[in-house]
Amino acid sequence: MSNKKNEDIEMRPGGEKAPFLSHSRNVSSMSHHARREPGIAAYFDKIDHNPGASILAYCLASISMTVVNKYVVSGSSWNLNFFYLAIQSLVCTLAILLSKQAGILKNLAPFDATKAKKWFPISLLLVGMIYTGAKALQFLSVPVYTIFKNLTIIVIAYGEVLWFGGSVTPLTLLSFGLMVLSSIVAAWADIQAAIDGAHTVEASAALSTLNAGYAWMGMNVVCTSSYVLGMRKVIKKMNFKDYDTMFYNNLLTIPVLVICSLLVEDWSAENLARNFPEETRNKLMIGMVYSGLAAIFISYCSAWCIRITSSTTYSMVGALNKLPIAVSGLIFFDAPITFGSVTAIFVGFVSGLVFAWAKVRQKAQEVGVLPTSNKPMMSASAQSNRDAANS
């Protein structure tokens with residue numbers, strides 16, 4: 001009723017609204033809109049400065065990416081890993097370019113062919129890392145895969161000692177010993193479960209699958225260490241900023257992965273039907289797209305966590321995150337739950353905590369201050385790339 005009355009008052013005989021009343025309504029509308037916007041902005045600003053939200057986002061991003069990767073490659077007839085990784089890189093590259101166009105990524109430098117040529121060998125190492133990682137995850141359970149990834153930390157640490165003048169403290173050595181112990185226990189528990197028939201296939205076939213998984217895992221440790229150490233050597237010369245590394249990595253790997261897929265993998269209609277069964281086809285497609293976006297999420301959440309908390313907290317979160325990733329494999333997949341597997345997960349979890357604390361103490365001793373500064377140890381791009389290598 002009141003709205004109808006206002007409309008009658010505002011209308012002139014010619015059907016025009018009185019200008020002063022129209023202006024009054026516009027001002028009222030603008031003030032109402034202005035009152036709403038700060039409320040929304042304040043809400044998002046509160047989330048952006050919430051340490052718990054940044055930590056939770058980082059954990060969910062990394063856990064979801066591991067689970068989705070395992071789901072995609074776990075099909076009984078899956079053999080299109082190069083194609084899957086090409087889709088990942090393509091989605092990630094498109095997401096970065098769209099974010100730049102939208103103004104979200106303002107510090108992404110234009111493509112430089114000279115830098116691309118210098119970075120291409122690093123991208124080849126990345127192809128080796130992600131392909132062997134996908135194959136290892138295809139044959140191993142998520143807990144065993146997560147535990148064995150810790151061995152990469154040992155190889156990288158001694159590579160830094162040899163080539164970059166790094167050092168290994170006694171506390172770091174203790175963490176390395178725990179990592180090796182957890183890997184041995186995990187392998188023993190997995191093999192014992194296969195022999196005892198805990199797997200869904202026959203013992204001989206299960207052992208064959210595990211042996212293939214351990215072989216791919218060994219190659220992944222070598223490829224990952226080579227990639228991280230090579231990237232560290234080259235990245236200083238390239239003057240890359242945040243997201244530049246991710247952009248060049250994904251862009252340069254696309255043609256390599258596509259060519260490898262066309263040359264090596266079976267693109268017959270029968271094989272495509274086996275890899276993408278009708279009942280799970282849509283889920284697989286969604287998972288493949290999400291895995292590409294998850295790389296962006298992890299990089300952003302890494303930078304967010306470092307910015308809002310501290311490098312010390314971030315290191316500890318990275319170590320603590322190994323536990324829920326391993327547990328997610330027990331929940332979502334048919335990984336056998338035995339005393340040995342649970343013990344291996346716990347020892348691997350403790351080794352990650354000890355290693356994170358050892359690095360924090362070593363950094364504090366180098367700068368001569370207590371580890372309470374909010375200044376990150378490295379750029380977000382370098383940190384997120386190391387996370388991707390060790391997750």
# chains A, B, ... in the order shown; residues from 1 in each chain; ligands from 1
>>> residues_around(residues="Leu207 in chain A", least_positions_apart="3", cutoff="7 Å", atoms="only C-alpha atoms", output="PDB file with N, CA and C atoms, in the first residue's frame")
ATOM      1  N   ILE A 191      53.405 -55.539   2.294  1.00  0.00           N
ATOM      2  CA  ILE A 191      53.754 -56.865   1.761  1.00  0.00           C
ATOM      3  C   ILE A 191      53.107 -57.963   2.600  1.00  0.00           C
ATOM      4  N   ALA A 194      49.519 -58.258   1.779  1.00  0.00           N
ATOM      5  CA  ALA A 194      49.316 -58.938   0.496  1.00  0.00           C
ATOM      6  C   ALA A 194      49.452 -60.448   0.658  1.00  0.00           C
ATOM      7  N   ALA A 203      47.385 -63.117  -3.797  1.00  0.00           N
ATOM      8  CA  ALA A 203      48.625 -62.646  -3.170  1.00  0.00           C
ATOM      9  C   ALA A 203      49.725 -62.383  -4.194  1.00  0.00           C
ATOM     10  N   SER A 204      49.890 -63.273  -5.170  1.00  0.00           N
ATOM     11  CA  SER A 204      50.952 -63.099  -6.163  1.00  0.00           C
ATOM     12  C   SER A 204      50.737 -61.847  -7.002  1.00  0.00           C
ATOM     13  N   LEU A 210      52.581 -54.313  -5.924  1.00  0.00           N
ATOM     14  CA  LEU A 210      53.389 -53.554  -4.961  1.00  0.00           C
ATOM     15  C   LEU A 210      54.814 -53.353  -5.467  1.00  0.00           C
ATOM     16  N   ASN A 211      55.402 -54.389  -6.057  1.00  0.00           N
ATOM     17  CA  ASN A 211      56.758 -54.260  -6.583  1.00  0.00           C
ATOM     18  C   ASN A 211      56.836 -53.193  -7.671  1.00  0.00           C
TER      19      ASN A 211
END
>>> select_by_dssp(residues="range 153-266 of chain A", states="alpha helix (DSSP H)", output="PyMOL selection string")
chain A and resi 153-164+170-195+203-238+244-264
>>> residues_around(residues="range 222-226 of chain A", least_positions_apart="5", cutoff="7 Å", atoms="only C-alpha atoms", output="PDB file with N, CA and C atoms, in the first residue's frame")
ATOM      1  N   LEU A 125      62.122 -32.267 -16.408  1.00  0.00           N
ATOM      2  CA  LEU A 125      62.258 -32.941 -15.115  1.00  0.00           C
ATOM      3  C   LEU A 125      60.912 -33.009 -14.397  1.00  0.00           C
ATOM      4  N   GLY A 128      58.907 -35.876 -15.746  1.00  0.00           N
ATOM      5  CA  GLY A 128      59.340 -37.123 -15.123  1.00  0.00           C
ATOM      6  C   GLY A 128      58.812 -37.278 -13.713  1.00  0.00           C
ATOM      7  N   MET A 129      58.783 -36.167 -12.963  1.00  0.00           N
ATOM      8  CA  MET A 129      58.317 -36.209 -11.576  1.00  0.00           C
ATOM      9  C   MET A 129      56.828 -36.531 -11.495  1.00  0.00           C
ATOM     10  N   THR A 152      62.136 -38.409  -0.374  1.00  0.00           N
ATOM     11  CA  THR A 152      62.581 -37.342  -1.268  1.00  0.00           C
ATOM     12  C   THR A 152      63.252 -36.221  -0.482  1.00  0.00           C
ATOM     13  N   VAL A 155      66.957 -37.053   0.084  1.00  0.00           N
ATOM     14  CA  VAL A 155      67.784 -36.889  -1.110  1.00  0.00           C
ATOM     15  C   VAL A 155      68.003 -35.404  -1.414  1.00  0.00           C
ATOM     16  N   ILE A 156      66.945 -34.602  -1.300  1.00  0.00           N
ATOM     17  CA  ILE A 156      67.062 -33.163  -1.557  1.00  0.00           C
ATOM     18  C   ILE A 156      68.014 -32.515  -0.563  1.00  0.00           C
ATOM     19  N   ALA A 389      56.082 -31.029  -4.778  1.00  0.00           N
ATOM     20  CA  ALA A 389      57.045 -32.118  -4.954  1.00  0.00           C
ATOM     21  C   ALA A 389      57.001 -33.099  -3.807  1.00  0.00           C
TER      22      ALA A 389
END
>>> residues_around(residues="Ser77 in chain A", least_positions_apart="4", cutoff="10 Å", atoms="only C-alpha atoms", output="ChimeraX atom specification")
/A:73,271-277
>>> write_last_selection(atoms="N, CA, C and O atoms", output="PDB file, in the first residue's frame")
ATOM      1  N   VAL A  73      43.341 -42.329 -11.158  1.00  0.00           N
ATOM      2  CA  VAL A  73      44.272 -43.347 -11.680  1.00  0.00           C
ATOM      3  C   VAL A  73      43.994 -44.744 -11.132  1.00  0.00           C
ATOM      4  O   VAL A  73      44.743 -45.676 -11.444  1.00  0.00           O
ATOM      5  N   ASN A 271      39.893 -48.728 -25.926  1.00  0.00           N
ATOM      6  CA  ASN A 271      40.678 -48.363 -24.749  1.00  0.00           C
ATOM      7  C   ASN A 271      40.094 -47.145 -24.044  1.00  0.00           C
ATOM      8  O   ASN A 271      40.093 -47.067 -22.811  1.00  0.00           O
ATOM      9  N   LEU A 272      39.595 -46.181 -24.823  1.00  0.00           N
ATOM     10  CA  LEU A 272      38.954 -45.013 -24.210  1.00  0.00           C
ATOM     11  C   LEU A 272      37.725 -45.424 -23.421  1.00  0.00           C
ATOM     12  O   LEU A 272      37.460 -44.885 -22.339  1.00  0.00           O
ATOM     13  N   ALA A 273      36.987 -46.386 -23.944  1.00  0.00           N
ATOM     14  CA  ALA A 273      35.796 -46.873 -23.231  1.00  0.00           C
ATOM     15  C   ALA A 273      36.183 -47.579 -21.935  1.00  0.00           C
ATOM     16  O   ALA A 273      35.470 -47.471 -20.921  1.00  0.00           O
ATOM     17  N   ARG A 274      37.318 -48.298 -21.952  1.00  0.00           N
ATOM     18  CA  ARG A 274      37.775 -48.972 -20.726  1.00  0.00           C
ATOM     19  C   ARG A 274      38.254 -47.959 -19.688  1.00  0.00           C
ATOM     20  O   ARG A 274      38.031 -48.131 -18.484  1.00  0.00           O
ATOM     21  N   ASN A 275      38.934 -46.913 -20.134  1.00  0.00           N
ATOM     22  CA  ASN A 275      39.446 -45.909 -19.206  1.00  0.00           C
ATOM     23  C   ASN A 275      38.357 -44.991 -18.665  1.00  0.00           C
ATOM     24  O   ASN A 275      38.461 -44.495 -17.535  1.00  0.00           O
ATOM     25  N   PHE A 276      37.330 -44.761 -19.489  1.00  0.00           N
ATOM     26  CA  PHE A 276      36.235 -43.876 -19.070  1.00  0.00           C
ATOM     27  C   PHE A 276      34.906 -44.629 -19.169  1.00  0.00           C
ATOM     28  O   PHE A 276      34.118 -44.401 -20.084  1.00  0.00           O
ATOM     29  N   PRO A 277      34.664 -45.550 -18.218  1.00  0.00           N
ATOM     30  CA  PRO A 277      33.395 -46.284 -18.232  1.00  0.00           C
ATOM     31  C   PRO A 277      32.218 -45.320 -18.111  1.00  0.00           C
ATOM     32  O   PRO A 277      32.319 -44.270 -17.477  1.00  0.00           O
TER      33      PRO A 277
END
>>> residues_around(residues="range 348-356 of chain A", least_positions_apart="6", cutoff="9 Å", atoms="only C-alpha atoms", output="JSON, numbers by chain")
{"A": [146, 147, 148, 150, 171, 172, 173, 174, 175, 176, 177, 178, 179, 180, 181, 182, 183, 312, 315, 316, 317, 318, 319, 320, 321, 322, 323]}
>>> atom_distance(atom1="CA of Trp216 in chain A", atom2="CA of Gly133 in chain A")
7.3 Å
>>> closest_residue(among="A:Met288, A:Leu252, A:Val327, A:Val360", to="Trp119 in chain A", atoms="only C-alpha atoms")
A:Leu252
>>> closest_residue(among="A:Ser167, A:Ser299, A:Ile153, A:Ala186", to="Val228 in chain A", atoms="only C-alpha atoms")
A:Ile153
>>> atom_distance(atom1="CA of Ile296 in chain A", atom2="CA of Leu257 in chain A")
19.3 Å
>>> atom_distance(atom1="CA of Val91 in chain A", atom2="CA of Val289 in chain A")
6.4 Å
>>> closest_residue(among="A:Tyr290, A:Val264, A:Met238, A:Val72", to="Lys117 in chain A", atoms="only C-alpha atoms")
A:Met238
>>> closest_residue(among="A:Leu262, A:Val142, A:Ile130, A:Val221", to="Ile345 in chain A", atoms="only C-alpha atoms")
A:Val142
